[in-house]
>>> print(open('final38.cif').read())   # mmCIF, C-alpha atoms
data_protein
loop_
_atom_site.label_atom_id
_atom_site.label_comp_id
_atom_site.auth_asym_id
_atom_site.auth_seq_id
_atom_site.Cartn_x
_atom_site.Cartn_y
_atom_site.Cartn_z
CA MET A 644 110.56 102.44 138.37
CA GLN A 645 114.27 102.56 137.53
CA THR A 646 115.28 103.87 134.12
CA GLN A 647 117.03 101.25 132.00
CA GLY A 648 119.34 101.57 129.01
CA ASP A 649 122.44 103.48 127.98
CA PHE A 650 123.41 107.07 127.28
CA ASP A 651 126.47 109.08 126.38
CA LEU A 652 127.55 111.07 129.45
CA ARG A 653 126.96 114.30 127.52
CA PHE A 654 123.24 113.49 127.77
CA GLU A 655 122.97 112.75 131.49
CA ALA A 656 120.50 115.63 131.85
CA VAL A 657 118.31 113.97 129.20
CA ARG A 658 118.34 110.76 131.23
CA ASP A 659 117.28 112.72 134.31
CA VAL A 660 114.35 114.39 132.54
CA PHE A 661 113.22 111.08 131.08
CA ALA A 662 113.49 109.38 134.48
CA ASP A 663 111.31 112.08 136.05
CA MET A 664 108.60 111.41 133.47
CA PHE A 665 108.30 107.70 134.15
CA GLY A 666 109.64 107.24 137.67
CA GLY A 667 107.92 107.21 141.04
CA HIS A 668 104.14 107.01 140.81
CA ALA A 669 103.93 107.97 137.12
CA GLN A 670 101.44 106.00 135.06
CA GLY A 671 102.53 103.99 132.04
CA GLY A 672 105.95 103.87 130.47
CA GLY A 673 107.97 104.91 127.48
CA ALA A 674 111.24 104.84 125.60
CA LEU A 675 113.63 107.35 124.07
CA CYS A 676 116.29 106.93 121.40
CA VAL A 677 118.59 109.60 119.96
CA MET A 678 121.12 109.02 117.19
CA ILE A 679 123.76 111.44 115.94
CA GLY A 680 125.68 110.76 112.76
CA GLY A 681 124.46 107.16 112.80
CA GLU A 682 125.62 106.53 116.39
CA THR A 683 123.13 105.89 119.20
CA VAL A 684 123.83 108.33 122.03
CA VAL A 685 120.64 107.80 124.08
CA ASP A 686 118.69 104.54 124.40
CA LEU A 687 116.41 104.56 127.45
CA TRP A 688 113.21 102.93 128.66
CA ALA A 689 111.25 103.01 131.92
CA GLY A 690 107.84 102.61 133.52
CA MET A 691 105.10 100.05 133.07
CA ALA A 692 103.74 98.43 129.93
CA ASP A 693 100.43 97.00 131.20
CA SER A 694 97.17 98.36 132.60
CA SER A 695 97.68 96.80 136.02
CA GLN A 696 101.09 98.48 136.43
CA GLU A 697 102.80 95.14 137.01
CA ARG A 698 104.72 94.48 133.77
CA PRO A 699 107.83 96.67 133.41
CA TRP A 700 108.67 98.24 130.07
CA GLN A 701 111.40 96.19 128.41
CA SER A 702 114.09 96.91 125.87
CA ASP A 703 111.97 95.28 123.15
CA THR A 704 108.51 96.56 124.19
CA LEU A 705 106.37 97.61 121.23
CA VAL A 706 103.69 100.29 121.20
CA ASN A 707 101.15 101.60 118.71
CA LEU A 708 102.92 104.51 116.98
CA PHE A 709 99.70 106.00 115.62
CA SER A 710 100.45 108.69 113.00
CA CYS A 711 104.22 108.23 113.20
CA THR A 712 103.31 105.34 110.89
CA LYS A 713 102.59 107.83 108.11
CA LEU A 714 106.25 108.61 107.45
CA PHE A 715 107.07 104.94 106.87
CA THR A 716 104.19 104.88 104.37
CA ALA A 717 105.26 108.09 102.65
CA VAL A 718 108.85 106.84 102.28
CA ALA A 719 107.62 103.64 100.63
CA ALA A 720 105.50 105.69 98.19
CA LEU A 721 108.44 107.98 97.41
CA GLN A 722 110.67 104.98 96.76
CA LEU A 723 108.13 103.89 94.14
CA VAL A 724 108.37 107.39 92.66
CA GLY A 725 112.14 107.01 92.47
CA GLU A 726 111.66 103.69 90.67
CA GLY A 727 109.23 105.25 88.18
CA ARG A 728 106.31 103.07 89.28
CA LEU A 729 104.47 106.05 90.74
CA ARG A 730 104.68 109.70 89.68
CA LEU A 731 104.15 112.67 91.94
CA ASP A 732 102.27 114.83 89.46
CA GLU A 733 100.29 112.36 87.40
CA PRO A 734 96.70 111.53 88.35
CA VAL A 735 96.25 108.84 90.97
CA ALA A 736 93.69 107.33 88.59
CA ARG A 737 96.51 106.25 86.26
CA VAL A 738 97.25 103.50 88.78
CA TRP A 739 93.84 103.34 90.47
CA PRO A 740 91.21 103.92 87.73
CA GLU A 741 88.20 103.68 90.04
CA PHE A 742 89.54 106.68 91.97
CA ALA A 743 88.72 109.10 89.12
CA GLY A 744 85.02 109.42 89.95
CA ASN A 745 83.28 112.29 91.72
CA GLY A 746 85.69 115.07 90.77
CA LYS A 747 88.97 113.27 91.54
CA ALA A 748 90.29 112.60 88.04
CA ARG A 749 93.12 115.12 88.41
CA ILE A 750 94.15 114.47 92.02
CA THR A 751 97.85 113.56 92.23
CA LEU A 752 100.04 111.58 94.58
CA ARG A 753 101.75 114.83 95.57
CA GLN A 754 98.39 116.17 96.78
CA LEU A 755 97.68 113.00 98.76
CA LEU A 756 101.09 113.14 100.42
CA CYS A 757 100.78 116.76 101.56
CA HIS A 758 97.10 116.63 102.59
CA THR A 759 95.80 119.01 99.90
CA ALA A 760 93.71 116.43 97.97
CA GLY A 761 90.52 117.19 99.90
CA LEU A 762 89.97 113.64 101.17
CA PRO A 763 90.44 113.75 104.95
CA ALA A 764 87.10 112.06 105.63
CA ILE A 765 84.20 110.05 104.24
CA ARG A 766 80.73 111.59 104.30
CA GLN A 767 78.70 108.37 104.09
CA ALA A 768 78.23 106.87 107.55
CA LEU A 769 80.10 103.60 107.88
CA PRO A 770 79.56 100.79 110.41
CA GLN A 771 82.22 99.85 112.94
CA GLU A 772 83.22 96.70 111.07
CA ALA A 773 84.14 98.71 107.96
CA LEU A 774 87.35 99.74 109.71
CA TYR A 775 88.77 96.25 109.21
CA ASP A 776 87.64 95.82 105.60
CA TRP A 777 90.36 97.14 103.28
CA GLN A 778 88.30 96.78 100.12
CA ARG A 779 85.29 98.52 101.61
CA MET A 780 87.34 101.47 102.83
CA SER A 781 89.29 101.90 99.59
CA ASP A 782 86.05 101.64 97.59
CA ALA A 783 84.44 104.28 99.82
CA LEU A 784 87.34 106.65 99.20
CA ALA A 785 87.26 105.97 95.46
CA ALA A 786 83.59 107.01 95.51
CA GLU A 787 84.08 110.07 97.75
CA ALA A 788 83.95 113.64 96.45
CA PRO A 789 86.67 116.09 97.62
CA TRP A 790 85.70 118.35 100.51
CA TRP A 791 87.40 121.30 98.74
CA GLU A 792 88.99 122.01 95.38
CA PRO A 793 92.06 119.74 95.35
CA GLY A 794 95.26 121.73 95.77
CA SER A 795 93.55 124.89 97.03
CA ARG A 796 93.52 124.16 100.79
CA HIS A 797 94.86 121.53 103.13
CA GLY A 798 93.39 119.36 105.86
CA TYR A 799 95.09 116.50 107.67
CA ALA A 800 93.95 113.08 106.46
CA ALA A 801 94.35 111.47 109.87
CA ILE A 802 93.08 107.99 108.93
CA THR A 803 92.06 108.08 105.25
CA TYR A 804 95.75 108.66 104.44
CA GLY A 805 96.39 105.00 105.21
CA TRP A 806 93.92 103.60 102.67
CA LEU A 807 94.69 106.24 100.04
CA LEU A 808 98.46 105.75 100.10
CA GLY A 809 98.24 102.07 100.97
CA GLU A 810 96.06 101.26 97.97
CA LEU A 811 98.43 103.09 95.63
CA ILE A 812 101.41 101.26 97.13
CA ARG A 813 99.59 97.94 96.82
CA ARG A 814 98.83 98.50 93.15
CA ALA A 815 102.28 99.82 92.24
CA ASP A 816 104.36 97.41 94.32
CA GLY A 817 102.33 94.22 93.89
CA ARG A 818 102.57 93.18 97.54
CA GLY A 819 100.10 93.86 100.33
CA PRO A 820 100.54 97.41 101.65
CA GLY A 821 101.81 96.36 105.07
CA GLN A 822 104.28 93.89 103.62
CA ALA A 823 105.52 96.40 101.04
CA ILE A 824 105.97 99.26 103.51
CA VAL A 825 107.84 97.16 106.08
CA ALA A 826 110.02 95.54 103.41
CA ARG A 827 110.94 98.91 101.94
CA THR A 828 111.60 100.86 105.15
CA ALA A 829 112.11 98.74 108.26
CA THR A 830 113.73 95.60 106.86
CA PRO A 831 116.73 97.27 105.14
CA LEU A 832 117.55 99.10 108.38
CA GLY A 833 116.80 96.23 110.77
CA LEU A 834 114.05 98.18 112.53
CA ASP A 835 111.57 96.56 114.91
CA PHE A 836 108.52 97.97 113.11
CA HIS A 837 105.34 96.13 112.13
CA LEU A 838 102.25 96.85 110.04
CA GLY A 839 99.81 94.03 110.62
CA LEU A 840 101.23 92.64 113.84
CA ASP A 841 101.74 88.89 114.15
CA GLU A 842 99.87 87.50 117.16
CA ARG A 843 103.13 85.99 118.43
CA GLU A 844 104.29 89.59 119.07
CA PHE A 845 101.23 90.64 121.09
CA GLU A 846 102.90 89.85 124.41
CA ARG A 847 105.48 92.57 123.68
CA VAL A 848 102.88 95.31 123.10
CA ALA A 849 102.30 97.99 125.72
CA TYR A 850 98.71 98.63 126.81
CA LEU A 851 97.44 102.09 125.88
CA ALA A 852 95.82 104.26 128.53
CA ARG A 853 94.69 107.88 128.61
CA GLY A 854 96.64 110.14 130.92
CA LYS A 855 94.63 111.24 133.96
CA HIS A 856 94.00 114.84 135.02
CA VAL A 857 95.75 116.34 132.00
CA ALA A 858 94.34 119.69 130.91
CA LEU A 859 93.59 120.26 127.23
CA ASP A 860 95.50 123.03 125.51
CA ALA A 861 93.64 125.56 123.35
CA THR A 862 94.17 123.56 120.14
CA ALA A 863 92.78 120.37 121.65
CA GLN A 864 89.81 122.23 123.15
CA ARG A 865 88.95 123.69 119.74
CA LEU A 866 89.15 120.33 117.97
CA PHE A 867 87.21 118.37 120.59
CA LYS A 868 84.49 121.04 120.53
CA ALA A 869 84.20 120.56 116.76
CA LEU A 870 84.09 116.78 117.13
CA SER A 871 81.17 116.95 119.53
CA GLY A 872 79.39 119.97 118.09
CA ASP A 873 78.84 119.06 114.44
CA PRO A 874 78.85 115.35 113.54
CA MET A 875 78.95 116.17 109.82
CA SER A 876 81.99 118.47 109.98
CA ILE A 877 85.26 117.54 108.34
CA SER A 878 86.89 117.04 111.73
CA ALA A 879 84.12 114.86 113.12
CA ARG A 880 83.95 112.70 110.00
CA ALA A 881 87.76 112.40 109.89
CA PHE A 882 87.99 111.00 113.43
CA ASN A 883 84.59 109.36 113.98
CA ASN A 884 83.76 107.58 110.72
CA PRO A 885 83.88 104.59 111.05
CA PRO A 886 82.79 105.18 114.65
CA SER A 887 85.30 102.66 116.00
CA LEU A 888 88.36 104.74 115.07
CA MET A 889 89.07 106.41 118.40
CA ASN A 890 88.94 103.47 120.81
CA ARG A 891 90.44 100.46 119.06
CA GLY A 892 94.09 100.69 120.02
CA ASN A 893 94.15 97.76 122.46
CA LYS A 894 91.93 95.45 120.41
CA PRO A 895 93.55 92.38 118.81
CA GLU A 896 91.77 93.07 115.52
CA TRP A 897 93.34 96.56 115.43
CA ARG A 898 96.82 95.14 116.02
CA ARG A 899 96.36 92.50 113.31
CA MET A 900 95.00 94.83 110.64
CA VAL A 901 97.06 96.97 108.27
CA GLN A 902 96.29 100.69 108.56
CA PRO A 903 99.26 102.58 107.08
CA ALA A 904 98.22 105.90 108.65
CA ALA A 905 97.75 104.88 112.22
CA ASN A 906 98.56 101.39 113.51
CA GLY A 907 102.21 100.68 112.92
CA HIS A 908 103.76 99.08 116.00
CA GLY A 909 107.34 99.76 116.94
CA ASN A 910 109.60 101.42 119.47
CA ALA A 911 111.74 104.52 119.92
CA ARG A 912 114.66 102.86 118.13
CA ALA A 913 112.47 102.26 115.09
CA LEU A 914 111.49 105.94 114.90
CA ALA A 915 115.04 107.21 115.37
CA GLY A 916 116.35 104.55 112.98
CA LEU A 917 113.95 105.54 110.19
CA HIS A 918 115.01 109.18 110.40
CA ASP A 919 118.68 108.27 110.64
CA GLY A 920 118.26 106.13 107.52
CA LEU A 921 116.78 109.12 105.70
CA LEU A 922 119.61 111.42 106.80
CA ARG A 923 122.24 108.96 105.61
CA GLY A 924 120.64 108.32 102.22
CA ARG A 925 119.76 104.70 102.89
CA LEU A 926 116.08 105.00 101.94
CA LEU A 927 115.71 107.86 99.45
CA ASP A 928 118.12 109.54 97.08
CA ASP A 929 119.05 113.15 97.78
CA GLU A 930 116.74 114.69 95.20
CA VAL A 931 113.65 112.84 96.43
CA LEU A 932 114.53 113.58 100.07
CA ARG A 933 114.85 117.30 99.29
CA GLU A 934 111.44 117.24 97.64
CA MET A 935 109.96 115.41 100.62
CA CYS A 936 111.26 118.06 103.02
CA ARG A 937 110.23 121.07 100.93
CA GLU A 938 107.16 122.99 102.11
CA HIS A 939 104.05 121.95 100.18
CA ALA A 940 101.25 123.18 102.46
CA SER A 941 101.04 125.50 105.44
CA GLY A 942 98.55 127.55 107.37
CA ASP A 943 95.07 126.82 108.69
CA ASP A 944 94.34 123.10 108.65
CA LEU A 945 90.70 122.32 107.88
CA THR A 946 90.77 119.07 109.87
CA LEU A 947 92.92 119.83 112.90
CA LEU A 948 91.75 123.48 113.16
CA ALA A 949 95.33 124.55 113.87
CA GLY A 950 98.33 125.75 111.93
CA THR A 951 100.12 122.89 110.20
CA ARG A 952 103.01 122.78 107.74
CA PHE A 953 103.63 119.76 105.54
CA GLY A 954 106.23 118.38 103.20
CA LEU A 955 105.48 115.14 101.38
CA GLY A 956 104.34 112.82 104.14
CA CYS A 957 106.13 114.69 106.90
CA TRP A 958 105.51 117.61 109.23
CA LEU A 959 107.91 120.55 108.99
CA GLU A 960 109.18 122.81 111.76
CA GLN A 961 106.81 125.55 112.97
CA ALA A 962 108.56 127.45 115.72
CA ASP A 963 105.91 130.19 115.61
CA VAL A 964 102.92 127.88 116.25
CA PRO A 965 102.35 126.88 119.89
CA GLY A 966 102.81 123.16 120.31
CA ALA A 967 104.02 122.58 116.76
CA SER A 968 107.81 122.74 117.12
CA PHE A 969 110.29 119.85 117.13
CA CYS A 970 112.36 122.10 119.43
CA MET A 971 115.49 121.57 117.39
CA GLY A 972 116.65 123.26 114.15
CA PRO A 973 114.63 125.15 111.49
CA ARG A 974 115.07 122.32 108.95
CA ALA A 975 113.74 119.61 111.27
CA PHE A 976 111.19 117.23 109.78
CA GLY A 977 109.31 114.20 111.06
CA HIS A 978 105.93 113.10 112.32
CA PRO A 979 104.07 113.09 115.65
CA GLY A 980 101.67 110.36 116.69
CA ALA A 981 98.50 110.69 118.74
CA GLY A 982 99.09 110.38 122.45
CA GLY A 983 102.72 111.43 122.54
CA SER A 984 104.95 109.45 120.17
CA LEU A 985 107.32 111.52 118.03
CA GLY A 986 110.00 110.82 115.46
CA PHE A 987 112.03 113.49 113.69
CA ALA A 988 115.37 114.38 112.12
CA ASP A 989 117.46 117.54 112.32
CA PRO A 990 119.74 117.57 109.25
CA GLU A 991 121.94 120.35 110.65
CA ARG A 992 122.90 118.24 113.64
CA GLU A 993 122.71 114.88 111.80
CA LEU A 994 120.33 113.97 114.62
CA ALA A 995 117.49 111.45 114.66
CA PHE A 996 115.02 111.32 117.56
CA GLY A 997 112.39 108.79 118.63
CA PHE A 998 110.08 108.90 121.64
CA VAL A 999 107.17 106.56 122.46
CA THR A 1000 104.77 106.14 125.36
CA ASN A 1001 101.62 104.24 126.27
CA ASN A 1002 100.43 106.98 128.64
CA LEU A 1003 98.48 108.94 126.06
CA GLY A 1004 98.28 112.71 126.22
CA PRO A 1005 95.35 114.71 124.76
CA TYR A 1006 97.34 116.97 122.45
CA VAL A 1007 96.60 117.58 118.77
CA LEU A 1008 100.06 118.67 117.60
CA MET A 1009 103.27 117.81 119.51
CA ASP A 1010 103.14 116.32 123.00
CA PRO A 1011 104.92 118.57 125.57
CA ARG A 1012 106.79 115.55 126.99
CA ALA A 1013 108.45 114.82 123.66
CA GLN A 1014 109.20 118.51 123.18
CA THR A 1015 110.76 118.74 126.64
CA LEU A 1016 113.06 115.83 125.86
CA ALA A 1017 114.03 117.27 122.47
CA ARG A 1018 114.74 120.64 124.05
CA GLN A 1019 116.99 118.98 126.64
CA VAL A 1020 118.87 117.09 123.91
CA ARG A 1021 119.47 120.39 122.13
CA GLU A 1022 120.75 122.01 125.32
CA CYS A 1023 123.15 119.12 125.91
CA LEU A 1024 124.53 119.59 122.41
CA GLY A 1025 125.12 123.28 123.09
#
>>> encode(input="final38.cif", output="structure tokens")
Amino acid sequence: MQTQGDFDLRFEAVRDVFADMFGGHAQGGGALCVMIGGETVVDLWAGMADSSQERPWQSDTLVNLFSCTKLFTAVAALQLVGEGRLRLDEPVARVWPEFAGNGKARITLRQLLCHTAGLPAIRQALPQEALYDWQRMSDALAAEAPWWEPGSRHGYAAITYGWLLGELIRRADGRGPGQAIVARTATPLGLDFHLGLDEREFERVAYLARGKHVALDATAQRLFKALSGDPMSISARAFNNPPSLMNRGNKPEWRRMVQPAANGHGNARALAGLHDGLLRGRLLDDEVLREMCREHASGDDLTLLAGTRFGLGCWLEQADVPGASFCMGPRAFGHPGAGGSLGFADPERELAFGFVTNNLGPYVLMDPRAQTLARQVRECLG
């Protein structure tokens, strides 16, 4: 399948690497966008967008961004902090009184944003249909007890993040969480990003498929062993409760729902555009952006069973942890998404990067395909 799009001639090697990933007999498709100083220097797409390998990936193809969605959500929450409607270090219960129960009266927005609040999972077994019931999920989290002393450890809130932050945004903003997040982040920048996808857009969405014959790295092996070995562990509860979490991506009800941690739909331009907007001060003022990108948690992650390093709603560079580097500068920040998507910014280079694919890899941290592309971009820059 021929690679489509445009690129600055400085990045011809990036085009070649991308073409190798999605050309020939490769399964699925993807897109790549790189911006420098607000200018788009790479905008490519290739491969197939459907399960039968008959519908080519188009310029406007959308894909489930999974956890890349979290940064859009965090930015909306931090805008509300800048407006004084939320406060980083006041109890969440000030805005959400029901949240105070079961040892959570002192948990703060800062702790939710950096995954130290102790709420990565729900202990009580939930039925599949609970996934689509906003009130039921937010009520369950309001009733949940922390898995550790809030602020003392950290563990990635893979899915609960969406209801925790989304409910706060809903109460502080006054609009539905999906509407508020899109209006605050995507709309001002003209980004093709959706939370709660309109059915009229379904025909643009790429079908998600697991990559075949891809070996698990050590981090993925460790996590998947925990998921299958102890159904009551933090990791198992985080990813398997409700039990429908891991296999919903192609379902119409998943696309229609609002899950601000995991089911934003967009493209590579949307990811690069969000990070470019942050670099150019179009979404957050400088003080709030600096606070977002400051280290708030690092070390052993109780959910992912790997080394993670978080700012407020974003992952921070970890060159010393296998599979956890953005492969750019030491101040890089952004967010990966399950299966391969990645968006990040490198302030030193004024660079914003977005990569998406529907050929899902099994990796827990960064996908090697995205890292390979980022590394090639860096080499082209010299």
>>> resolve_selection(input="final38.cif", expression="the PyMOL selection byres ((chain A and resi 910-912) around 6)", output="MDAnalysis selection string")
chainID A and resid 674:676 705 909 913:916 997:999
>>> residues_around(input="final38.cif", residues="stretch 939-947 of chain A", least_positions_apart="5", cutoff="10 Å", atoms="all atoms listed in the file", output="ChimeraX atom specification")
/A:753-754,756-759,761,763-764,790-791,794-801,862-863,865-867,869,876-882,934,952-956,958-959,961,964,1007-1008
>>> closest_residue(input="final38.cif", among="A:Arg1018, A:Arg992, A:Lys713, A:Lys855", to="A:Thr803", atoms="all atoms listed in the file")
A:Lys713
>>> resolve_selection(input="final38.cif", expression="the PyMOL selection byres ((chain A and resi 789) around 8)", output="ChimeraX atom specification")
/A:745-747,760-762,787-788,790-793
>>> closest_residue(input="final38.cif", among="A:Glu697, A:Phe650, A:Thr951, A:Glu655", to="A:Glu1022", atoms="all atoms listed in the file")
A:Glu655
>>> resolve_selection(input="final38.cif", expression="the PyMOL selection byres ((chain A and resi 752) around 8)", output="PDB file with C-alpha atoms, keeping the file's coordinate frame")
ATOM      1  CA  ARG A 730     104.680 109.700  89.680  1.00  0.00           C
ATOM      2  CA  LEU A 731     104.150 112.670  91.940  1.00  0.00           C
ATOM      3  CA  ASP A 732     102.270 114.830  89.460  1.00  0.00           C
ATOM      4  CA  GLU A 733     100.290 112.360  87.400  1.00  0.00           C
ATOM      5  CA  PRO A 734      96.700 111.530  88.350  1.00  0.00           C
ATOM      6  CA  VAL A 735      96.250 108.840  90.970  1.00  0.00           C
ATOM      7  CA  ILE A 750      94.150 114.470  92.020  1.00  0.00           C
ATOM      8  CA  THR A 751      97.850 113.560  92.230  1.00  0.00           C
ATOM      9  CA  ARG A 753     101.750 114.830  95.570  1.00  0.00           C
ATOM     10  CA  GLN A 754      98.390 116.170  96.780  1.00  0.00           C
ATOM     11  CA  LEU A 755      97.680 113.000  98.760  1.00  0.00           C
ATOM     12  CA  LEU A 756     101.090 113.140 100.420  1.00  0.00           C
TER      13      LEU A 756
END
>>> residues_around(input="final38.cif", residues="A:Ala669", least_positions_apart="4", cutoff="12 Å", atoms="all atoms listed in the file", output="VMD selection string")
chain A and resid 644 to 645 661 to 665 673 689 to 692 696 854 to 855 1000 to 1002
>>> closest_residue(input="final38.cif", among="A:Asp919, A:Pro973, A:Ala826, A:Thr683", to="A:Phe987", atoms="all atoms listed in the file")
A:Asp919
>>> closest_residue(input="final38.cif", among="A:Ala962, A:Leu708, A:Leu652, A:Leu774", to="A:Glu896", atoms="all atoms listed in the file")
A:Leu774
>>> residues_around(input="final38.cif", residues="A:Val677", least_positions_apart="4", cutoff="6 Å", atoms="all atoms listed in the file", output="MDAnalysis selection string")
chainID A and resid 683:685 995:996
>>> write_last_selection(input="final38.cif", atoms="C-alpha atoms", output="tab-separated table (two decimals), keeping the file's coordinate frame")
chain	number	residue	atom	x	y	z
A	683	THR	CA	123.13	105.89	119.20
A	684	VAL	CA	123.83	108.33	122.03
A	685	VAL	CA	120.64	107.80	124.08
A	995	ALA	CA	117.49	111.45	114.66
A	996	PHE	CA	115.02	111.32	117.56
>>> atom_distance(input="final38.cif", atom1="atom CA of A:Gly809", atom2="atom CA of A:Ala719")
9.5 Å
>>> atom_distance(input="final38.cif", atom1="atom CA of A:Arg1012", atom2="atom CA of A:Gln864")
18.6 Å
>>> closest_residue(input="final38.cif", among="A:Thr704, A:Ala1013, A:Leu687, A:Met678", to="A:Thr646", atoms="all atoms listed in the file")
A:Leu687
>>> atom_distance(input="final38.cif", atom1="atom CA of A:Met875", atom2="atom CA of A:Leu948")
15.1 Å
>>> residues_around(input="final38.cif", residues="A:Gly924", least_positions_apart="4", cutoff="12 Å", atoms="all atoms listed in the file", output="ChimeraX atom specification")
/A:680-681,718,722,832,917-920,928-933,990,993
>>> residues_around(input="final38.cif", residues="stretch 814-819 of chain A", least_positions_apart="4", cutoff="10 Å", atoms="all atoms listed in the file", output="PyMOL selection string")
chain A and resi 719-720+723-724+727-729+738-739+809-810+823-824+826+901
>>> write_last_selection(input="final38.cif", atoms="C-alpha atoms", output="mmCIF file, in the coordinates of the input")
data_model
loop_
_atom_site.group_PDB
_atom_site.id
_atom_site.type_symbol
_atom_site.label_atom_id
_atom_site.label_comp_id
_atom_site.auth_asym_id
_atom_site.auth_seq_id
_atom_site.Cartn_x
_atom_site.Cartn_y
_atom_site.Cartn_z
ATOM 1 C CA ALA A 719 107.620 103.640 100.630
ATOM 2 C CA ALA A 720 105.500 105.690 98.190
ATOM 3 C CA LEU A 723 108.130 103.890 94.140
ATOM 4 C CA VAL A 724 108.370 107.390 92.660
ATOM 5 C CA GLY A 727 109.230 105.250 88.180
ATOM 6 C CA ARG A 728 106.310 103.070 89.280
ATOM 7 C CA LEU A 729 104.470 106.050 90.740
ATOM 8 C CA VAL A 738 97.250 103.500 88.780
ATOM 9 C CA TRP A 739 93.840 103.340 90.470
ATOM 10 C CA GLY A 809 98.240 102.070 100.970
ATOM 11 C CA GLU A 810 96.060 101.260 97.970
ATOM 12 C CA ALA A 823 105.520 96.400 101.040
ATOM 13 C CA ILE A 824 105.970 99.260 103.510
ATOM 14 C CA ALA A 826 110.020 95.540 103.410
ATOM 15 C CA VAL A 901 97.060 96.970 108.270
#
>>> closest_residue(input="final38.cif", among="A:Arg898, A:Arg843, A:Arg766, A:His856", to="A:Val706", atoms="all atoms listed in the file")
A:Arg898
